[in-house]
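Shown here: coords24.csv, CSV, C-alpha atoms and all ligand atoms.
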chain,number,residue,atom,x,y,z
A,1,MET,CA,123.1,106.1,64.5
A,2,GLY,CA,123.6,102.5,65.8
A,3,GLU,CA,122.6,103.7,69.2
A,4,GLN,CA,119.4,105.2,67.8
A,5,GLN,CA,118.5,102.0,66.1
A,6,SER,CA,119.0,99.9,69.2
A,7,HIS,CA,116.8,102.4,71.0
A,8,ALA,CA,114.1,102.0,68.4
A,9,THR,CA,114.1,98.2,68.8
A,10,ALA,CA,114.4,98.1,72.6
A,11,PRO,CA,111.2,96.7,74.1
A,12,PRO,CA,109.1,99.3,75.9
A,13,PRO,CA,109.0,99.2,79.7
A,14,LEU,CA,106.3,97.0,81.1
A,15,VAL,CA,104.5,99.9,82.8
A,16,ARG,CA,104.9,103.6,82.2
A,17,ALA,CA,102.6,105.9,84.1
A,18,ILE,CA,103.4,109.5,83.4
A,19,ASP,CA,102.2,112.3,85.6
A,20,ILE,CA,98.9,110.7,86.5
A,21,ALA,CA,96.2,112.3,88.6
A,22,PHE,CA,92.8,110.8,89.4
A,23,ARG,CA,89.7,111.9,91.2
A,24,TRP,CA,86.6,109.8,92.0
A,25,PRO,CA,83.5,111.5,90.6
A,26,GLY,CA,81.6,113.4,93.3
A,27,ARG,CA,84.6,113.4,95.7
A,28,GLN,CA,86.5,116.4,96.8
A,29,GLY,CA,90.3,116.5,96.1
A,30,THR,CA,92.5,114.2,94.2
A,31,ALA,CA,92.4,110.5,95.1
A,32,LEU,CA,95.7,110.0,93.5
A,33,ALA,CA,98.6,112.0,92.1
A,34,LEU,CA,101.8,110.3,91.1
A,35,PRO,CA,104.9,111.5,89.4
A,36,ASP,CA,106.3,109.1,86.8
A,37,LEU,CA,106.3,105.4,87.5
A,38,LEU,CA,108.4,103.1,85.4
A,39,LEU,CA,108.4,99.3,85.7
A,40,ALA,CA,110.7,97.1,83.6
A,41,ARG,CA,109.6,93.7,82.4
A,42,GLY,CA,109.7,91.2,85.1
A,43,GLU,CA,110.2,93.8,87.8
A,44,HIS,CA,108.5,93.4,91.2
A,45,LEU,CA,107.1,96.5,92.8
A,46,PHE,CA,105.7,96.7,96.3
A,47,VAL,CA,103.2,99.5,96.9
A,48,SER,CA,102.5,100.5,100.5
A,49,GLY,CA,100.6,103.3,102.2
A,50,PRO,CA,97.9,103.8,104.7
A,51,SER,CA,94.2,102.8,104.1
A,52,GLY,CA,92.6,105.3,101.7
A,53,SER,CA,95.9,106.5,100.2
A,54,GLY,CA,94.9,105.3,96.8
A,55,LYS,CA,96.6,102.0,96.4
A,56,THR,CA,93.6,100.2,95.0
A,57,THR,CA,92.9,103.2,92.8
A,58,LEU,CA,96.4,102.9,91.4
A,59,LEU,CA,95.9,99.3,90.5
A,60,GLY,CA,92.6,100.2,88.8
A,61,LEU,CA,94.5,102.8,86.7
A,62,LEU,CA,97.3,100.3,85.8
A,63,ALA,CA,94.6,97.7,84.8
A,64,GLY,CA,92.8,100.3,82.7
A,65,VAL,CA,89.6,99.8,84.7
A,66,ILE,CA,89.6,103.5,85.3
A,67,MET,CA,91.2,106.3,83.3
A,68,PRO,CA,93.3,109.1,84.8
A,69,ARG,CA,92.0,112.7,84.5
A,70,GLN,CA,95.5,113.8,83.7
A,71,GLY,CA,98.6,112.0,82.4
A,72,ARG,CA,98.7,108.6,80.8
A,73,VAL,CA,99.3,104.9,81.5
A,74,GLU,CA,101.1,102.7,79.1
A,75,VAL,CA,101.3,98.9,79.5
A,76,ALA,CA,103.7,97.0,77.3
A,77,GLY,CA,104.0,100.1,75.1
A,78,THR,CA,100.2,100.6,74.6
A,79,ASP,CA,98.6,103.8,75.8
A,80,LEU,CA,95.5,102.4,77.6
A,81,ARG,CA,93.5,105.6,76.7
A,82,SER,CA,94.1,104.8,73.0
A,83,LEU,CA,91.9,101.7,73.3
A,84,ALA,CA,88.1,101.7,73.1
A,85,PRO,CA,86.6,100.2,76.2
A,86,SER,CA,86.0,96.7,74.7
A,87,ARG,CA,89.5,96.6,73.3
A,88,ARG,CA,90.8,97.7,76.7
A,89,ASP,CA,89.0,94.7,78.3
A,90,ARG,CA,90.6,92.4,75.7
A,91,PHE,CA,94.0,94.0,76.2
A,92,ARG,CA,93.7,93.4,80.0
A,93,ALA,CA,92.7,89.8,79.5
A,94,ASP,CA,95.7,89.3,77.2
A,95,HIS,CA,98.4,91.1,79.3
A,96,VAL,CA,97.3,91.4,82.9
A,97,GLY,CA,96.5,88.8,85.7
A,98,VAL,CA,94.7,90.2,88.7
A,99,ILE,CA,94.4,89.0,92.3
A,100,PHE,CA,91.9,91.1,94.2
A,101,GLN,CA,91.3,91.4,97.9
A,102,GLN,CA,88.0,89.4,97.5
A,103,LEU,CA,89.7,87.0,95.1
A,104,ASN,CA,86.6,86.9,92.9
A,105,LEU,CA,86.6,83.2,92.3
A,106,LEU,CA,83.3,82.0,90.7
A,107,PRO,CA,82.0,79.8,93.6
A,108,TYR,CA,80.1,77.2,91.6
A,109,LEU,CA,82.9,76.6,89.1
A,110,SER,CA,85.5,74.1,90.0
A,111,VAL,CA,89.1,75.0,90.9
A,112,LEU,CA,90.3,74.0,87.4
A,113,GLU,CA,87.5,76.0,85.7
A,114,ASN,CA,88.3,79.0,87.7
A,115,VAL,CA,92.0,78.8,86.8
A,116,LEU,CA,91.1,78.4,83.1
A,117,LEU,CA,89.0,81.5,82.9
A,118,PRO,CA,91.7,83.8,81.4
A,119,CYS,CA,92.0,81.3,78.5
A,120,ARG,CA,88.3,81.7,77.8
A,121,PHE,CA,88.7,85.4,77.4
A,122,SER,CA,92.1,85.7,75.8
A,123,SER,CA,93.5,83.9,72.7
A,124,ARG,CA,97.0,85.2,73.6
A,125,ARG,CA,96.9,83.5,77.1
A,126,ARG,CA,95.4,80.4,75.4
A,127,LEU,CA,98.3,80.3,73.0
A,128,HIS,CA,100.9,80.8,75.7
A,129,ALA,CA,99.4,78.1,77.8
A,130,ARG,CA,99.5,75.7,74.9
A,131,GLN,CA,103.0,76.6,74.0
A,132,GLN,CA,104.1,76.1,77.6
A,133,ALA,CA,102.3,72.8,78.4
A,134,GLY,CA,100.6,71.4,75.3
A,135,SER,CA,97.1,72.4,76.5
A,136,GLU,CA,95.4,74.9,78.7
A,137,ILE,CA,94.4,72.2,81.1
A,138,GLU,CA,98.0,70.9,81.4
A,139,ALA,CA,99.2,74.4,82.0
A,140,ALA,CA,96.6,75.0,84.7
A,141,GLY,CA,97.5,71.7,86.3
A,142,MET,CA,101.2,72.6,86.3
A,143,LEU,CA,100.5,75.8,88.1
A,144,LEU,CA,98.2,74.2,90.6
A,145,GLU,CA,100.8,71.6,91.4
A,146,ARG,CA,103.5,74.3,91.8
A,147,LEU,CA,101.2,76.1,94.2
A,148,ASP,CA,100.7,73.0,96.2
A,149,MET,CA,97.1,72.4,95.4
A,150,ALA,CA,96.3,68.7,95.9
A,151,ARG,CA,94.9,67.0,92.8
A,152,ASP,CA,91.7,65.9,94.5
A,153,LEU,CA,90.7,69.5,95.0
A,154,TRP,CA,90.9,70.4,91.3
A,155,ARG,CA,87.3,69.3,90.5
A,156,ARG,CA,85.8,70.7,93.7
A,157,PRO,CA,83.7,73.9,93.6
A,158,ALA,CA,85.8,76.9,94.6
A,159,ALA,CA,83.3,77.7,97.4
A,160,GLU,CA,84.3,74.6,99.3
A,161,LEU,CA,87.9,75.6,99.7
A,162,SER,CA,89.6,77.3,102.6
A,163,VAL,CA,90.7,81.0,102.1
A,164,GLY,CA,94.3,79.9,101.8
A,165,GLN,CA,93.4,77.4,99.1
A,166,GLN,CA,91.3,80.0,97.3
A,167,GLN,CA,94.2,82.4,97.4
A,168,ARG,CA,96.4,79.9,95.6
A,169,VAL,CA,93.6,79.3,93.0
A,170,ALA,CA,93.4,83.1,92.4
A,171,ALA,CA,97.2,83.2,92.0
A,172,ALA,CA,97.1,80.3,89.5
A,173,ARG,CA,94.4,82.0,87.5
A,174,ALA,CA,96.3,85.3,87.5
A,175,LEU,CA,99.4,83.5,86.2
A,176,LEU,CA,97.9,81.1,83.6
A,177,GLY,CA,99.1,81.8,80.1
A,178,ARG,CA,102.0,84.0,81.2
A,179,PRO,CA,100.5,87.5,81.4
A,180,ASP,CA,103.1,90.3,81.3
A,181,LEU,CA,101.9,91.9,84.5
A,182,VAL,CA,100.3,90.6,87.7
A,183,LEU,CA,98.4,93.0,89.9
A,184,ALA,CA,97.7,91.9,93.4
A,185,ASP,CA,95.6,93.9,95.9
A,186,GLU,CA,96.2,92.9,99.5
A,187,PRO,CA,95.8,89.3,98.5
A,188,THR,CA,97.0,88.0,101.8
A,189,SER,CA,94.7,90.1,104.0
A,190,ALA,CA,92.6,87.1,105.2
A,191,LEU,CA,95.6,84.9,106.1
A,192,ASP,CA,97.6,84.7,109.4
A,193,ALA,CA,101.2,86.0,109.3
A,194,ALA,CA,103.0,82.7,108.6
A,195,ARG,CA,100.7,81.9,105.7
A,196,GLN,CA,101.0,85.4,104.3
A,197,GLN,CA,104.7,85.0,104.1
A,198,ALA,CA,104.4,81.6,102.5
A,199,PHE,CA,101.9,82.8,100.0
A,200,MET,CA,104.0,85.8,99.0
A,201,ALA,CA,107.0,83.6,98.5
A,202,LEU,CA,104.9,81.4,96.2
A,203,LEU,CA,103.5,84.3,94.3
A,204,ARG,CA,106.9,86.0,93.8
A,205,ARG,CA,108.5,82.7,92.8
A,206,GLU,CA,105.8,82.0,90.2
A,207,CYS,CA,105.9,85.5,88.8
A,208,ARG,CA,109.7,85.1,88.4
A,209,ALA,CA,109.3,81.7,86.8
A,210,SER,CA,106.8,83.1,84.2
A,211,GLY,CA,108.7,86.4,83.7
A,212,ALA,CA,105.7,88.4,84.9
A,213,GLY,CA,106.1,91.8,86.4
A,214,LEU,CA,104.3,92.1,89.7
A,215,VAL,CA,102.7,95.1,91.4
A,216,MET,CA,101.6,94.1,94.8
A,217,VAL,CA,99.7,96.4,97.1
A,218,SER,CA,99.7,96.1,100.9
A,219,HIS,CA,99.6,98.2,104.0
A,220,ASP,CA,101.7,95.4,105.7
A,221,GLU,CA,105.4,96.4,105.5
A,222,ARG,CA,106.5,92.9,106.5
A,223,LEU,CA,105.5,91.7,103.0
A,224,ALA,CA,107.9,94.1,101.2
A,225,GLU,CA,110.8,91.7,101.6
A,226,GLY,CA,112.2,90.4,98.3
A,227,PHE,CA,110.7,93.0,96.0
A,228,ASP,CA,112.9,94.9,93.6
A,229,ARG,CA,111.4,98.3,94.2
A,230,ARG,CA,108.8,100.0,96.4
A,231,LEU,CA,106.5,102.9,96.1
A,232,ASP,CA,105.1,104.5,99.2
A,233,MET,CA,101.8,106.2,98.8
A,234,ALA,CA,101.4,109.3,100.9
A,235,PRO,CA,98.3,109.7,103.0
A,236,LEU,CA,95.7,111.9,101.3
A,237,PRO,CA,95.9,115.6,102.3
A,238,SER,CA,93.3,116.4,104.9
A,239,GLU,CA,91.3,118.7,102.7
A,240,ALA,CA,90.7,115.8,100.4
A,241,LEU,CA,88.9,113.8,103.1
A,242,PRO,CA,85.1,114.0,103.1
A,301,LIG,N1,84.6,103.6,93.8
A,301,LIG,C1,84.8,104.7,94.5
A,301,LIG,N2,84.1,105.8,94.5
A,301,LIG,C2,84.3,106.9,95.2
A,301,LIG,N3,85.4,107.1,96.0
A,301,LIG,C3,86.3,106.0,96.0
A,301,LIG,C4,86.1,104.8,95.3
A,301,LIG,N4,87.1,103.9,95.6
A,301,LIG,C5,87.9,104.6,96.4
A,301,LIG,N5,87.5,105.9,96.7
A,301,LIG,C6,88.1,106.9,97.5
A,301,LIG,O1,89.4,107.1,97.0
A,301,LIG,C7,90.4,107.2,98.0
A,301,LIG,C8,91.5,106.2,97.8
A,301,LIG,O2,90.9,104.9,98.0
A,301,LIG,P1,91.7,103.5,97.7
A,301,LIG,O3,92.3,103.6,96.4
A,301,LIG,O4,90.6,102.4,97.9
A,301,LIG,O5,92.7,103.5,98.8
A,301,LIG,P2,93.5,102.3,99.5
A,301,LIG,O6,93.4,101.1,98.6
A,301,LIG,O7,94.9,102.8,99.7
A,301,LIG,O8,92.9,102.0,100.8
A,301,LIG,C9,89.6,107.1,99.3
A,301,LIG,O9,89.4,108.4,99.8
A,301,LIG,C10,88.4,106.3,98.9
A,301,LIG,O10,87.3,106.6,99.8
A,302,MG,MG,92.7,99.2,98.8

What is this structure when it is put down as structure tokens?
Amino acid sequence: MGEQQSHATAPPPLVRAIDIAFRWPGRQGTALALPDLLLARGEHLFVSGPSGSGKTTLLGLLAGVIMPRQGRVEVAGTDLRSLAPSRRDRFRADHVGVIFQQLNLLPYLSVLENVLLPCRFSSRRRLHARQQAGSEIEAAGMLLERLDMARDLWRRPAAELSVGQQQRVAAARALLGRPDLVLADEPTSALDAARQQAFMALLRRECRASGAGLVMVSHDERLAEGFDRRLDMAPLPSEALP
């Protein structure tokens, strides 16, 4: 009885993906088939696999940008399919920070404005940032400092930064307001090896500091070091290729 009660109050895992299968419309074969994937709060997962094995597709499913044909994805106890699309967008803004391959900074906005974007879309992230630092701007500044972004860059348009600097801005944006989960898709692909390692160390350290779970996708095995767990995506079966 006591055991059941503690079960009932135990927090749900950060991510639970159960028996998911996905196929892009108009494509032959399955782009992605996964047995169960379970991620605890704060856990760091490294996802590897050759190009085309479905790594980016998996992040899209975990972000709720695309829905599986089969199975279900739960984030922080919420079945993403149970949310209408607009609620799903809000849920993502509240709970998930993303760092894409192309970084997706808004080039004409300043560094600080880019980092603050999640707080424009999510009252939960806004609240967290205020609790943490007194204001969103203070929280953004704290992250930028921890990520070694010189203060004189904060008001500069993102377009004027180097790729390495943009990477750190994207990381600060993903982390602002303590999302539960950070999804990173080959975020270091434009950096040389030494800078890749340095950026990964920063990203992992900041995820740990904010308690965020991290799912990081890369075809580069050297970046797997320091992760709690890993998932290797198999190459697609040949009949699934166009
Ligand atoms: N938007 C899309 N429309 C159609 N097919 C896609 C789309 N995105 C990816 N695919 C296909 O799905 C498969 C997995 O792609 P992806 O998830 O991008 O792999 P990875 O990130 O591991 O390189 C590939 O065969 C790819 O061509
Ligand atoms: Mg990809």

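Picture a line from atom CA of A:Lys55 to atom CA of A:Thr78; it runs 22.1 Å.
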
Worksheet item: So how many Å separate atom CA of A:Leu127 and atom CA of A:Ala139, to one decimal?
Response: 10.8 Å

Discussion item. I'd like the interatomic distance between atom CA of A:Ala212 and atom CA of A:Val47, to a tenth of an Å.
Written reply: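 Answer for the atom CA of A:Ala212 to atom CA of A:Val47 separation: 16.5 Å.
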
Item to complete: Could you tell me which of A:Arg156, A:His95, A:His219, A:Arg27 comes closest to ligand MG 302 (chain A) if we count all atoms listed in the file?
Response: A:His219

Fill in: Contacts of A:Ile137 within 8 Å, only C-alpha atoms, excl. fewer than 3 positions in-chain, as an MDAnalysis selection string
chainID A and resid 112 116 140:141

Prev. selection, C-alpha atoms, output as a PDB file, in the coordinates of the input:
ATOM      1  CA  LEU A 112      90.300  74.000  87.400  1.00  0.00           C
ATOM      2  CA  LEU A 116      91.100  78.400  83.100  1.00  0.00           C
ATOM      3  CA  ALA A 140      96.600  75.000  84.700  1.00  0.00           C
ATOM      4  CA  GLY A 141      97.500  71.700  86.300  1.00  0.00           C
TER       5      GLY A 141
END

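With only C-alpha atoms as the basis for measurement, A:Gly97 is the residue among A:Met216, A:Asp228, A:Leu117, A:Gly97 that approaches A:Ala171 most closely.
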
Fill in: Shell around A:Arg69 at 10 Å using all atoms listed in the file, local window under 2 positions removed, as a list in words
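My list of contacting residues is Ile20, Ala21, Phe22, Arg23, Trp24, Thr30, Ile66, Met67, Gly71 and Arg72 of chain A.
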
Worksheet item: Could you list, as an MDAnalysis selection string, all the residues within 10 Å of ligand MG 302 (chain A), counting all atoms listed in the file?
Response: chainID A and resid 49:59 100:101 185:186 217:219

Worksheet item: Neighbours of A:Phe91 within 12 Å (only C-alpha atoms; same-chain residues fewer than 3 positions away dropped), as a ChimeraX atom specification?
Response: /A:62-65,74-88,94-97,118,121-125,179-181

Restricting the output to C-alpha atoms, write the selected residues as a short mmCIF file (atom, residue, chain, number, x, y, z; two decimals), in the frame of the given file.
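As written to disk, out.cif reads:
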data_model
loop_
_atom_site.label_atom_id
_atom_site.label_comp_id
_atom_site.auth_asym_id
_atom_site.auth_seq_id
_atom_site.Cartn_x
_atom_site.Cartn_y
_atom_site.Cartn_z
CA LEU A 62 97.30 100.30 85.80
CA ALA A 63 94.60 97.70 84.80
CA GLY A 64 92.80 100.30 82.70
CA VAL A 65 89.60 99.80 84.70
CA GLU A 74 101.10 102.70 79.10
CA VAL A 75 101.30 98.90 79.50
CA ALA A 76 103.70 97.00 77.30
CA GLY A 77 104.00 100.10 75.10
CA THR A 78 100.20 100.60 74.60
CA ASP A 79 98.60 103.80 75.80
CA LEU A 80 95.50 102.40 77.60
CA ARG A 81 93.50 105.60 76.70
CA SER A 82 94.10 104.80 73.00
CA LEU A 83 91.90 101.70 73.30
CA ALA A 84 88.10 101.70 73.10
CA PRO A 85 86.60 100.20 76.20
CA SER A 86 86.00 96.70 74.70
CA ARG A 87 89.50 96.60 73.30
CA ARG A 88 90.80 97.70 76.70
CA ASP A 94 95.70 89.30 77.20
CA HIS A 95 98.40 91.10 79.30
CA VAL A 96 97.30 91.40 82.90
CA GLY A 97 96.50 88.80 85.70
CA PRO A 118 91.70 83.80 81.40
CA PHE A 121 88.70 85.40 77.40
CA SER A 122 92.10 85.70 75.80
CA SER A 123 93.50 83.90 72.70
CA ARG A 124 97.00 85.20 73.60
CA ARG A 125 96.90 83.50 77.10
CA PRO A 179 100.50 87.50 81.40
CA ASP A 180 103.10 90.30 81.30
CA LEU A 181 101.90 91.90 84.50
#

Find the spatial neighbours of A:Arg229, counting only C-alpha atoms, within a cut-off of 9 Å - ignore same-chain residues fewer than 2 positions away - and output them as a PDB file with C-alpha atoms, in the frame of the given file.
ATOM      1  CA  GLU A  43     110.200  93.800  87.800  1.00  0.00           C
ATOM      2  CA  HIS A  44     108.500  93.400  91.200  1.00  0.00           C
ATOM      3  CA  LEU A  45     107.100  96.500  92.800  1.00  0.00           C
ATOM      4  CA  PHE A  46     105.700  96.700  96.300  1.00  0.00           C
ATOM      5  CA  VAL A  47     103.200  99.500  96.900  1.00  0.00           C
ATOM      6  CA  ALA A 224     107.900  94.100 101.200  1.00  0.00           C
ATOM      7  CA  GLY A 226     112.200  90.400  98.300  1.00  0.00           C
ATOM      8  CA  PHE A 227     110.700  93.000  96.000  1.00  0.00           C
ATOM      9  CA  LEU A 231     106.500 102.900  96.100  1.00  0.00           C
TER      10      LEU A 231
END

Practice prompt. Please provide the set of residues having any atom within 12 Å of A:Pro157, restricted to all atoms listed in the file, with same-chain residues fewer than 4 positions apart removed, written as a ChimeraX atom specification.
Written response: /A:105-115,152-153,161-162,165-166,169
